[in-house]
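Here is final11.txt, consisting of compact mmCIF, C-alpha atoms:
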# COMPACT_ATOMS: atom_id res chain seq x y z
CA MET U 1 25.69 51.80 -75.36
CA GLN U 2 27.68 51.43 -72.17
CA ARG U 3 29.89 54.33 -71.06
CA ASP U 4 33.10 52.27 -70.80
CA HIS U 5 32.61 50.73 -74.22
CA HIS U 6 31.93 54.11 -75.76
CA LEU U 7 34.98 55.78 -74.25
CA ALA U 8 37.21 52.89 -75.22
CA ALA U 9 36.17 53.35 -78.83
CA TRP U 10 36.97 57.07 -78.71
CA LEU U 11 40.38 56.60 -77.13
CA VAL U 12 41.81 54.30 -79.79
CA THR U 13 44.99 56.05 -80.85
CA CYS U 14 46.18 56.44 -84.41
CA ALA U 15 49.64 55.30 -83.38
CA LEU U 16 48.95 51.75 -84.51
CA ALA U 17 47.23 52.63 -87.77
CA ALA U 18 48.93 52.35 -91.16
CA GLY U 19 48.58 55.19 -93.63
CA CYS U 20 46.86 54.62 -96.94
CA GLY U 21 45.45 56.67 -99.75
CA SER U 22 42.03 55.06 -100.05
CA GLU U 23 38.82 57.10 -100.24
CA GLY U 24 36.93 54.19 -98.68
CA ALA U 25 35.45 54.13 -95.20
CA LEU U 26 35.41 51.33 -92.66
CA PRO U 27 32.27 50.32 -90.73
CA VAL U 28 32.69 50.76 -86.97
CA ASP U 29 30.92 49.27 -83.98
CA ASP U 30 28.28 52.00 -83.66
CA GLY U 31 26.97 51.21 -87.14
CA THR U 32 28.52 54.26 -88.82
CA PHE U 33 31.60 54.69 -90.99
CA ARG U 34 35.10 56.03 -90.41
CA PRO U 35 37.68 56.84 -93.11
CA GLU U 36 40.95 54.97 -93.17
CA VAL U 37 43.68 56.75 -91.24
CA GLU U 38 46.52 58.47 -93.10
CA LEU U 39 49.16 59.47 -90.59
CA GLY U 40 51.88 61.88 -91.56
CA ARG U 41 54.81 62.80 -89.39
CA HIS U 42 52.98 62.24 -86.10
CA SER U 43 50.88 59.79 -84.17
CA VAL U 44 48.10 61.56 -82.28
CA THR U 45 46.59 60.52 -78.95
CA LEU U 46 43.50 61.89 -77.26
CA VAL U 47 44.65 62.35 -73.66
CA GLU U 48 41.63 63.93 -71.97
CA THR U 49 38.15 65.28 -72.61
CA ARG U 50 36.33 67.56 -70.18
CA GLN U 51 33.03 69.45 -70.34
CA VAL U 52 33.46 73.20 -69.84
CA VAL U 53 30.00 74.66 -70.52
CA PRO U 54 28.00 74.11 -68.41
CA SER U 55 30.32 73.23 -65.49
CA SER U 56 30.78 74.08 -61.84
CA GLY U 57 33.80 76.21 -62.74
CA LEU U 58 31.80 78.84 -64.61
CA PRO U 59 31.05 82.15 -62.86
CA ALA U 60 27.59 82.78 -61.44
CA GLU U 61 27.06 85.66 -63.88
CA THR U 62 26.78 83.21 -66.79
CA THR U 63 23.56 81.31 -67.51
CA PRO U 64 24.09 78.82 -70.32
CA GLN U 65 20.97 78.17 -72.37
CA HIS U 66 19.98 75.00 -74.25
CA SER U 67 22.36 75.59 -77.18
CA ASN U 68 26.01 76.40 -76.46
CA ASN U 69 27.97 76.39 -79.68
CA ASN U 70 29.99 78.93 -81.65
CA LEU U 71 33.15 79.66 -79.66
CA ASP U 72 36.71 80.90 -79.67
CA VAL U 73 39.62 80.61 -77.24
CA ILE U 74 42.95 82.42 -76.94
CA ARG U 75 45.89 82.81 -74.56
CA HIS U 76 46.40 86.48 -73.68
CA ALA U 77 48.31 88.20 -70.88
CA GLY U 78 48.72 85.00 -68.89
CA ARG U 79 45.10 83.92 -69.07
CA VAL U 80 42.94 81.77 -71.35
CA TYR U 81 39.92 83.65 -72.70
CA LEU U 82 36.83 81.79 -73.89
CA ALA U 83 33.89 83.34 -75.76
CA TRP U 84 30.81 81.38 -76.74
CA ARG U 85 27.31 81.79 -78.09
CA THR U 86 24.40 80.61 -75.97
CA ALA U 87 20.79 80.59 -77.22
CA PRO U 88 17.59 78.52 -77.13
CA ASP U 89 18.79 76.45 -80.13
CA HIS U 90 21.27 76.43 -83.00
CA PHE U 91 19.22 78.81 -85.13
CA ALA U 92 19.09 82.61 -85.15
CA ASN U 93 17.37 84.01 -82.09
CA ALA U 94 16.81 87.39 -80.42
CA ASP U 95 17.74 85.86 -77.04
CA THR U 96 21.31 85.04 -78.10
CA ILE U 97 24.11 86.04 -75.72
CA ILE U 98 27.87 86.01 -76.28
CA TYR U 99 29.61 85.34 -72.97
CA VAL U 100 33.31 86.02 -72.36
CA VAL U 101 35.15 84.37 -69.45
CA SER U 102 38.82 83.87 -68.61
CA SER U 103 40.91 81.49 -66.53
CA GLU U 104 44.42 80.74 -65.36
CA ASP U 105 43.87 76.96 -65.10
CA GLU U 106 40.92 76.33 -67.49
CA LEU U 107 38.99 74.89 -64.53
CA THR U 108 37.78 77.97 -62.67
CA TRP U 109 36.61 80.81 -64.90
CA ARG U 110 36.23 84.53 -64.21
CA TYR U 111 33.38 86.52 -65.69
CA GLU U 112 34.60 89.11 -68.20
CA THR U 113 31.61 90.48 -70.08
CA GLU U 114 28.59 89.58 -72.22
CA TYR U 115 26.98 90.95 -75.35
CA ALA U 116 23.31 90.78 -76.34
CA ILE U 117 21.73 93.19 -78.82
CA GLY U 118 18.28 91.70 -79.48
CA THR U 119 19.33 89.86 -82.62
CA ASP U 120 21.56 86.90 -83.37
CA LEU U 121 25.31 87.04 -82.72
CA ARG U 122 27.73 84.38 -83.98
CA GLU U 123 31.32 83.57 -84.87
CA PRO U 124 33.11 85.15 -81.88
CA ARG U 125 36.76 85.63 -82.81
CA PHE U 126 39.61 86.84 -80.60
CA LEU U 127 42.71 88.65 -81.79
CA GLY U 128 45.59 89.91 -79.68
CA VAL U 129 47.13 93.17 -80.96
CA GLY U 130 49.96 94.07 -78.63
CA ASP U 131 48.51 94.40 -75.13
CA THR U 132 44.96 94.80 -76.46
CA LEU U 133 42.58 91.89 -76.90
CA PHE U 134 39.92 92.23 -79.60
CA LEU U 135 36.69 90.25 -79.85
CA TYR U 136 34.84 90.26 -83.18
CA VAL U 137 31.28 88.97 -83.60
CA SER U 138 29.14 88.56 -86.71
CA VAL U 139 25.59 89.89 -86.56
CA LEU U 140 22.60 88.07 -88.08
CA GLY U 141 18.84 88.51 -87.99
CA THR U 142 16.31 86.53 -85.97
CA SER U 143 14.73 84.33 -88.65
CA GLU U 144 15.09 80.59 -88.07
CA VAL U 145 14.61 79.85 -91.77
CA GLN U 146 16.62 82.64 -93.42
CA PHE U 147 20.33 83.41 -93.22
CA GLN U 148 20.51 87.18 -92.70
CA PRO U 149 24.08 88.52 -92.38
CA MET U 150 24.15 92.05 -90.97
CA GLY U 151 27.85 92.80 -90.63
CA VAL U 152 30.58 92.53 -88.00
CA ARG U 153 31.15 94.35 -84.71
CA TYR U 154 34.08 94.36 -82.33
CA ALA U 155 34.88 95.00 -78.68
CA ARG U 156 38.29 95.57 -77.13
CA LEU U 157 39.96 94.95 -73.80
CA ASP U 158 42.75 97.45 -73.16
CA PRO U 159 45.13 97.08 -70.21
CA GLY U 160 43.59 98.35 -66.99
CA GLN U 161 40.22 98.99 -68.67
CA PRO U 162 36.92 97.09 -68.78
CA TRP U 163 35.67 95.51 -71.98
CA SER U 164 34.30 98.09 -74.38
CA ALA U 165 30.86 98.14 -75.96
CA LEU U 166 30.44 96.70 -79.45
CA THR U 167 31.49 98.96 -82.32
CA GLU U 168 30.64 98.43 -85.99
CA LEU U 169 33.48 97.07 -88.13
CA TYR U 170 31.43 96.19 -91.24
CA GLY U 171 27.84 97.28 -91.80
CA ASP U 172 27.14 95.27 -94.95
CA ASP U 173 26.69 91.50 -95.37
CA THR U 174 30.31 90.69 -94.41
CA LEU U 175 30.80 87.70 -92.12
CA LEU U 176 34.18 87.24 -90.44
CA TRP U 177 35.49 83.69 -90.17
CA ARG U 178 39.07 83.49 -88.83
CA THR U 179 41.55 85.94 -87.32
CA THR U 180 45.13 85.19 -86.33
CA THR U 181 48.53 86.71 -85.76
CA VAL U 182 51.41 85.00 -87.54
CA PRO U 183 54.99 84.83 -86.19
CA ASP U 184 56.19 87.84 -88.20
CA GLY U 185 53.56 90.00 -86.45
CA ARG U 186 51.00 90.33 -89.20
CA HIS U 187 47.33 90.17 -88.22
CA LEU U 188 45.24 88.28 -90.78
CA MET U 189 41.54 87.67 -91.39
CA THR U 190 39.34 85.63 -93.68
CA ALA U 191 35.82 86.94 -94.29
CA TYR U 192 33.13 86.44 -96.88
CA ASN U 193 30.20 88.20 -98.51
CA GLY U 194 27.06 86.86 -100.14
CA GLY U 195 26.15 84.46 -97.32
CA GLU U 196 22.49 85.35 -97.72
CA ASN U 197 22.55 83.46 -101.03
CA GLN U 198 24.02 80.13 -99.93
CA TYR U 199 20.75 78.65 -98.64
CA LEU U 200 18.55 80.17 -101.35
CA PHE U 201 20.14 77.93 -104.02
CA ASN U 202 19.95 80.81 -106.50
CA ASP U 203 23.39 80.37 -108.14
CA GLU U 204 24.56 83.78 -106.86
CA PRO U 205 28.28 83.55 -105.97
CA LEU U 206 29.91 84.25 -102.62
CA GLN U 207 33.18 86.17 -102.30
CA ILE U 208 36.01 85.26 -99.91
CA HIS U 209 38.43 87.95 -98.74
CA PHE U 210 41.87 87.67 -97.15
CA ARG U 211 42.77 90.84 -95.23
CA THR U 212 45.50 92.21 -92.99
CA SER U 213 45.68 94.86 -90.28
CA VAL U 214 48.22 96.56 -88.03
CA ASP U 215 45.75 97.81 -85.42
CA GLY U 216 42.84 95.31 -85.44
CA VAL U 217 40.43 97.98 -86.70
CA THR U 218 41.48 98.94 -90.23
CA TRP U 219 41.68 95.91 -92.52
CA THR U 220 42.98 95.94 -96.10
CA PRO U 221 43.43 93.21 -98.73
CA VAL U 222 46.60 91.15 -98.37
CA ASP U 223 46.95 91.56 -102.13
CA PRO U 224 46.79 95.32 -102.77
CA ASP U 225 45.68 94.67 -106.34
CA GLY U 226 42.54 92.74 -105.42
CA SER U 227 39.92 92.44 -102.70
CA MET U 228 38.98 88.76 -102.93
CA VAL U 229 40.80 85.46 -103.20
CA TYR U 230 37.92 83.20 -104.24
CA GLU U 231 34.48 83.60 -105.81
CA GLY U 232 31.99 80.76 -106.12
CA GLY U 233 30.21 78.56 -103.59
CA GLY U 234 32.67 78.99 -100.70
CA SER U 235 32.17 80.64 -97.31
CA GLU U 236 33.93 79.59 -94.07
CA THR U 237 37.69 79.63 -94.74
CA ALA U 238 40.45 78.40 -92.43
CA PHE U 239 44.16 78.87 -93.10
CA ALA U 240 47.63 78.16 -91.74
CA PHE U 241 51.19 78.49 -92.96
CA ALA U 242 53.53 75.70 -94.01
CA ASP U 243 57.20 75.74 -93.04
CA SER U 244 57.95 77.09 -96.52
CA GLY U 245 55.88 80.19 -95.81
CA ASP U 246 53.21 79.11 -98.28
CA LEU U 247 49.64 79.55 -97.16
CA LEU U 248 47.33 76.52 -97.05
CA ALA U 249 43.57 77.01 -96.74
CA VAL U 250 40.36 74.98 -96.65
CA ILE U 251 37.12 76.54 -97.85
CA ARG U 252 33.67 75.17 -97.03
CA ASN U 253 31.74 75.04 -100.31
CA GLU U 254 28.04 74.26 -99.97
CA ALA U 255 26.68 76.46 -102.76
CA ALA U 256 26.94 75.15 -106.29
CA ASP U 257 29.74 76.22 -108.62
CA GLU U 258 31.55 74.65 -111.55
CA GLN U 259 33.76 72.41 -109.37
CA GLY U 260 30.87 70.85 -107.48
CA LEU U 261 30.06 70.81 -103.77
CA GLY U 262 32.07 70.09 -100.64
CA SER U 263 35.31 71.98 -100.02
CA ARG U 264 38.26 73.63 -101.71
CA VAL U 265 41.82 72.89 -100.57
CA CYS U 266 43.99 75.85 -101.53
CA ARG U 267 47.57 77.06 -101.63
CA ALA U 268 49.15 80.48 -102.09
CA SER U 269 52.89 80.96 -102.41
CA ALA U 270 54.73 82.89 -99.72
CA ASP U 271 55.56 85.69 -102.16
CA ASP U 272 51.97 86.14 -103.40
CA LEU U 273 49.49 85.36 -100.63
CA GLY U 274 46.61 86.88 -102.54
CA ASP U 275 46.79 84.40 -105.43
CA TRP U 276 45.07 81.14 -104.39
CA THR U 277 45.07 77.88 -106.35
CA CYS U 278 42.45 75.35 -105.18
CA ASN U 279 41.58 71.67 -105.61
CA ALA U 280 38.05 70.32 -105.22
CA ASP U 281 37.19 67.98 -102.35
CA PHE U 282 33.72 66.40 -102.14
CA LYS U 283 33.77 66.31 -98.33
CA LYS U 284 32.60 69.40 -96.42
CA TYR U 285 34.67 70.27 -93.33
CA ASP U 286 32.20 72.60 -91.63
CA SER U 287 33.49 75.28 -89.24
CA PRO U 288 37.11 74.56 -90.22
CA HIS U 289 40.10 75.53 -88.09
CA MET U 290 43.74 74.94 -89.08
CA PHE U 291 47.05 74.98 -87.25
CA ALA U 292 50.67 74.08 -88.05
CA HIS U 293 52.96 71.83 -86.04
CA ASP U 294 56.40 70.41 -86.77
CA GLY U 295 56.19 70.47 -90.55
CA GLU U 296 52.54 69.39 -90.77
CA VAL U 297 49.38 71.45 -91.20
CA TYR U 298 46.30 70.10 -89.41
CA LEU U 299 42.60 70.76 -89.83
CA VAL U 300 39.78 70.32 -87.33
CA GLY U 301 36.29 70.30 -88.83
CA ARG U 302 32.95 68.52 -88.93
CA ARG U 303 32.79 65.06 -90.55
CA ASN U 304 29.77 63.67 -92.37
CA ILE U 305 29.15 60.07 -91.23
CA THR U 306 28.31 58.28 -94.46
CA GLU U 307 30.15 55.65 -96.47
CA THR U 308 31.89 58.25 -98.63
CA GLY U 309 31.67 61.22 -96.25
CA PHE U 310 30.78 63.43 -99.22
CA PHE U 311 28.53 66.45 -98.86
CA GLY U 312 26.66 65.54 -101.99
CA GLY U 313 28.54 63.25 -104.32
CA GLU U 314 31.15 63.32 -107.01
CA GLY U 315 30.00 65.77 -109.65
CA LEU U 316 26.78 66.67 -107.79
CA THR U 317 25.99 70.37 -108.13
CA ASN U 318 22.44 70.42 -106.74
CA ALA U 319 23.00 72.06 -103.36
CA ALA U 320 19.37 71.63 -102.27
CA ILE U 321 19.50 67.83 -102.66
CA ALA U 322 22.91 67.66 -101.00
CA SER U 323 21.68 69.71 -98.03
CA LEU U 324 18.65 67.48 -97.48
CA ARG U 325 20.89 64.41 -97.38
CA TYR U 326 23.39 66.14 -95.15
CA VAL U 327 21.06 67.17 -92.32
CA ALA U 328 19.79 63.58 -92.03
CA ALA U 329 23.24 62.03 -91.41
CA PRO U 330 25.20 61.82 -88.12
CA LYS U 331 28.23 64.03 -87.59
CA ARG U 332 31.55 64.05 -85.73
CA CYS U 333 34.20 66.68 -85.00
CA SER U 334 37.43 65.31 -86.46
CA LEU U 335 41.14 65.92 -86.86
CA TRP U 336 42.61 65.84 -90.37
CA ARG U 337 45.91 66.81 -91.95
CA ILE U 338 46.76 68.50 -95.23
CA VAL U 339 48.77 66.31 -97.61
CA GLN U 340 50.73 69.28 -98.81
CA ASP U 341 52.33 67.93 -101.99
CA GLU U 342 48.93 66.67 -103.20
CA LEU U 343 46.79 69.52 -101.83
CA ARG U 344 44.22 67.22 -100.27
CA VAL U 345 42.86 66.34 -96.81
CA ALA U 346 43.61 63.08 -94.95
CA TYR U 347 41.74 61.72 -91.91
CA ILE U 348 43.43 61.23 -88.51
CA LEU U 349 40.82 60.72 -85.75
CA ASP U 350 37.46 61.70 -84.29
CA LEU U 351 37.08 63.71 -81.13
CA PRO U 352 34.34 62.66 -78.67
CA SER U 353 31.42 64.30 -80.47
CA ASN U 354 28.00 63.68 -81.93
CA GLY U 355 25.06 65.27 -83.73
CA ASP U 356 25.42 69.04 -83.88
CA THR U 357 29.13 69.47 -83.30
CA CYS U 358 32.45 71.15 -84.09
CA PHE U 359 33.28 74.90 -84.43
CA PRO U 360 36.74 74.20 -82.96
CA SER U 361 39.37 76.53 -81.59
CA VAL U 362 42.91 75.40 -80.75
CA ILE U 363 45.58 76.67 -78.34
CA ASN U 364 48.97 75.30 -77.35
CA GLY U 365 49.08 72.96 -74.38
CA SER U 366 51.48 72.87 -71.46
CA GLU U 367 54.22 70.89 -73.20
CA PRO U 368 55.68 70.64 -76.71
CA GLY U 369 53.44 68.65 -79.04
CA GLU U 370 50.35 69.16 -76.88
CA PHE U 371 47.34 71.05 -78.23
CA ILE U 372 44.05 71.94 -76.56
CA VAL U 373 40.94 71.79 -78.75
CA TYR U 374 37.72 73.46 -77.63
CA ASP U 375 34.56 72.52 -79.52
CA TYR U 376 30.84 71.97 -78.97
CA SER U 377 28.69 68.88 -79.34
CA SER U 378 25.49 67.06 -78.65
CA ASP U 379 25.96 64.30 -76.07
CA PRO U 380 29.21 62.55 -77.13
CA GLU U 381 28.16 59.38 -75.32
CA GLY U 382 24.74 59.13 -76.96
CA GLU U 383 23.71 57.01 -79.92
CA PRO U 384 24.77 58.49 -83.30
CA LEU U 385 22.58 61.54 -83.85
CA ALA U 386 21.72 63.21 -87.16
CA TRP U 387 22.61 66.84 -87.57
CA ARG U 388 19.08 68.28 -87.69
CA PRO U 389 17.83 66.87 -84.35
CA GLY U 390 21.20 67.80 -82.91
CA GLN U 391 20.63 71.43 -83.88
CA LEU U 392 17.35 71.45 -81.96
CA GLY U 393 18.75 69.64 -78.92
CA LEU U 394 21.13 70.32 -76.07
CA THR U 395 24.71 71.20 -77.06
CA GLN U 396 27.61 71.81 -74.70
CA ILE U 397 31.24 72.93 -74.92
CA TYR U 398 34.13 70.53 -74.41
CA ARG U 399 37.90 70.74 -73.97
CA HIS U 400 40.11 68.00 -75.49
CA VAL U 401 43.84 67.46 -74.99
CA LEU U 402 45.69 66.03 -78.00
CA ARG U 403 49.31 64.84 -77.91
CA PHE U 404 51.37 64.71 -81.10
CA ARG U 405 54.42 62.41 -81.19
CA ARG U 406 56.99 61.92 -83.93
CA ARG U 407 56.52 58.50 -85.49

Re-express the file's structure as C-alpha cells.
Amino acid sequence: MQRDHHLAAWLVTCALAAGCGSEGALPVDDGTFRPEVELGRHSVTLVETRQVVPSSGLPAETTPQHSNNNLDVIRHAGRVYLAWRTAPDHFANADTIIYVVSSEDELTWRYETEYAIGTDLREPRFLGVGDTLFLYVSVLGTSEVQFQPMGVRYARLDPGQPWSALTELYGDDTLLWRTTTVPDGRHLMTAYNGGENQYLFNDEPLQIHFRTSVDGVTWTPVDPDGSMVYEGGGSETAFAFADSGDLLAVIRNEAADEQGLGSRVCRASADDLGDWTCNADFKKYDSPHMFAHDGEVYLVGRRNITETGFFGGEGLTNAAIASLRYVAAPKRCSLWRIVQDELRVAYILDLPSNGDTCFPSVINGSEPGEFIVYDYSSDPEGEPLAWRPGQLGLTQIYRHVLRFRRR
C-alpha cells in the first residue's frame, strides 16, 4: 500500500458523514470493515500524527526496546509528563522498564526517572495532587502465559525533590486502571481484583472498585457503604462525568458472566456515584479512556476489525472461543462517543493504528476543542495486522492531534 494512499484514508474527516443507528459495518479499501459513523454535537478532524517513541527528541538516558506500549501522559507544573512501558514484547518480562520523561513542547523530552524491579510493570498512571505528581504502576509476574497480578506501587515527585523510589500501595492482586482529578478537586480511581482468573476461563468473578482520595496515598470507596461497583467478567474501567454530574463508565468484559462478553456501558447518578447501572455491549473497547467535552462524553479504545466488531457474538458466553477469534483479527485504536440517553457507544473515527494498538491517554491541546491523544501501535502504515503477531512485533508510541468543531 502506498504511503500517500494510506494517509489519505486515515485523514478522512467525519464532518461529511451522516449519523445513523445501524450496527452494520462498511467494507473499506484495505479489505477490513469500519462501523457507520454516528456523530453527536461535533465533527472531529485528525490534524496531525507524530511518532514519539522512539524519536530523536528522547533523552539519551532512555533506550526503547522492541515493545513500547502501556503509557500515560499528564500536564503538571507547566510541563507534559509521559510514562511508558518498554520491554522485549507485549508479554510479561523481567526486563521491563517504566521510563518517565517530560517536555515543554512535546518535541524535546527531558529524562525524569525509570523503574525496573526484575518483574513486569504495567499500567503507569499519573495523578496530580496539589504540587505533587504521583505515578502508580501495577506489578505482574514474569510468565508469558499466565496473568499474575502482584499489586500496585507508587512514586512521587515533590517540588524541588527528585522522584522517589517505588512504595507499595496494594500488596494483593489489585490492578489500578484509571486515576483522575475532577473539577471539584476529588481524586478518583478505578481498580479491579481477580485478574488472575480472566484468562483461566474458570467462571470466577472479578470485582471492580471505585475509590477516592485526598492525598493520593489513602484510598477509600466512593460509596462508604460498599467496596465494589461491579462484579462479574469486567476489568479495565474508564469513566468521565456528564454535564449533569452523572458518571458514565465503560468496562471491558472478557470473562463470561450472565450478560455475555464484550463491554458494559454504565451510569451512576451524581448523588450516588457508587450505584452503577450497566447495559451490555458485545464490542470490547480494550484499554478504554474517556473524557468529556462540550456536553459529550468520548471514549478512546481498541476496535476489533470484523464485520460486527463483536468480541465474541451476541449471546456468546464462551470466553475461550471468543479469545481465540479475537487474537486472529486486525485491530485499530478508535474514537467513540457515549450516546448518553441510550447508554451505548457510537463510532466516530479510527486513529492511525494497526495490530497491537491503543492504551490511550488524552490531554487538552493548545486551543479550545483540541485534544492530544497518545497511544501505541504496530506500524500504522503497514498492511492490516492481527493482534497476536502485533503483540510479538515492534510497537511504538504516537501523538495525535484531534480537533472538535460544533456541527

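Environment of (19.3, 77.7, -100.5): residues at most 9 Å away, judged by all atoms listed in the file, are Glu196, Asn197, Gln198, Tyr199, Leu200, Phe201, Asn202, Ala255, Ala319, Ala320 and Ser323 of chain U.
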
Next item on the list: Would you please work out which residue, of U:Ser244, U:Thr113, U:Asn253, U:Gln51, is nearest to Gly195 (chain U) when using all atoms listed in the file?
Entry: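 For Gly195 (chain U), the nearest of the candidates is U:Asn253.
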
Next item on the list: Counting only C-alpha atoms, figure out which residue out of U:Ala249, U:Leu394, U:Ile208, U:Leu299 gets nearest to Tyr347 (chain U).
Entry: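 Looking at the shortest contact to Tyr347 (chain U), the residue is U:Leu299.
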
Listed atoms of region 161-178 of chain U boxed axis-aligned with 3 Å per side, centre + edges as JSON:
{"center_x": 33.5, "center_y": 91.2, "center_z": -82.0, "size_x": 19.5, "size_y": 21.5, "size_z": 32.7}

Next item on the list: Do a neighbour search on region 83-97 of chain U at 8 Å with all atoms listed in the file, toss out local chain neighbours closer than 4 positions, and write the hits as a count of residues only.
Entry: 31

Check: Separation of CA of Val182 (chain U) and CA of Leu335 (chain U), in Å?
Finding: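 Going from CA of Val182 (chain U) over to CA of Leu335 (chain U), I get 21.7 Å.
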
Notebook entry, point to check: Expressed in Å to a single decimal, how great is the separation between CA of Ala270 (chain U) and CA of Asn193 (chain U)?
Noted result: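 Going from CA of Ala270 (chain U) over to CA of Asn193 (chain U) covers 25.1 Å.
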
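Of the listed residues (U:Glu370, U:Glu106, U:Asp350, U:Asp131), U:Glu106 comes nearest to Ser56 (chain U); the distances count only C-alpha atoms.
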
Item checked: Spatial sel., origin (48.7, 88.0, -110.1), limit 12 Å, all atoms listed in the file, listed as an MDAnalysis selection string -> chainID U and resid 223:226 229 268:269 271:277

Checklist line | Counting all atoms listed in the file, the residue of U:Glu204, U:Val52, U:Phe210, U:Gln146 that sits nearest Thr395 (chain U) | finding: U:Val52

Checklist line | Surrounding residues of region 149-166 of chain U excluding itself and chain neighbours under 2 positions, 8 Å, all atoms listed in the file, as a list of chain:residue names | finding: U:Glu112, U:Thr113, U:Tyr115, U:Asp131, U:Thr132, U:Leu133, U:Phe134, U:Leu135, U:Tyr136, U:Val137, U:Ser138, U:Val139, U:Leu140, U:Gly141, U:Phe147, U:Glu168, U:Leu169, U:Tyr170, U:Gly171, U:Asp172, U:Asp173, U:Thr174, U:Leu175, U:Leu176, U:Gly195, U:Glu196

Notebook entry, point to check: CA of Cys266 (chain U) and CA of Pro221 (chain U) are how many Å apart?
Noted result: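 Straight-line distance from CA of Cys266 (chain U) to CA of Pro221 (chain U) works out to 17.6 Å.
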
Next item on the list: Do a neighbour search on Cys278 (chain U) at 10 Å with only C-alpha atoms, toss out local chain neighbours closer than 2 positions, and write the hits as a list in words.
Entry: Tyr230, Leu248, Ala249, Val250, Ile251, Ser263, Arg264, Val265, Cys266, Arg267, Ala268, Trp276, Ala280, Asp281, Leu343 and Arg344 of chain U

Item checked: Among the residues U:Ala256, U:Val129, U:Leu188, U:Ala240, the one that comes closest to Leu206 (chain U) [using only C-alpha atoms] -> U:Ala256

Item checked: U:Ile305, U:Ala346, U:Ile363, U:Met228 ranked by distance to Trp387 (chain U), top pick (using only C-alpha atoms) -> U:Ile305

Item checked: Who sits within 7 Å of Ala328 (chain U), all atoms listed in the file, same chain under 4 positions skipped, as an MDAnalysis selection string -> chainID U and resid 324 386:388
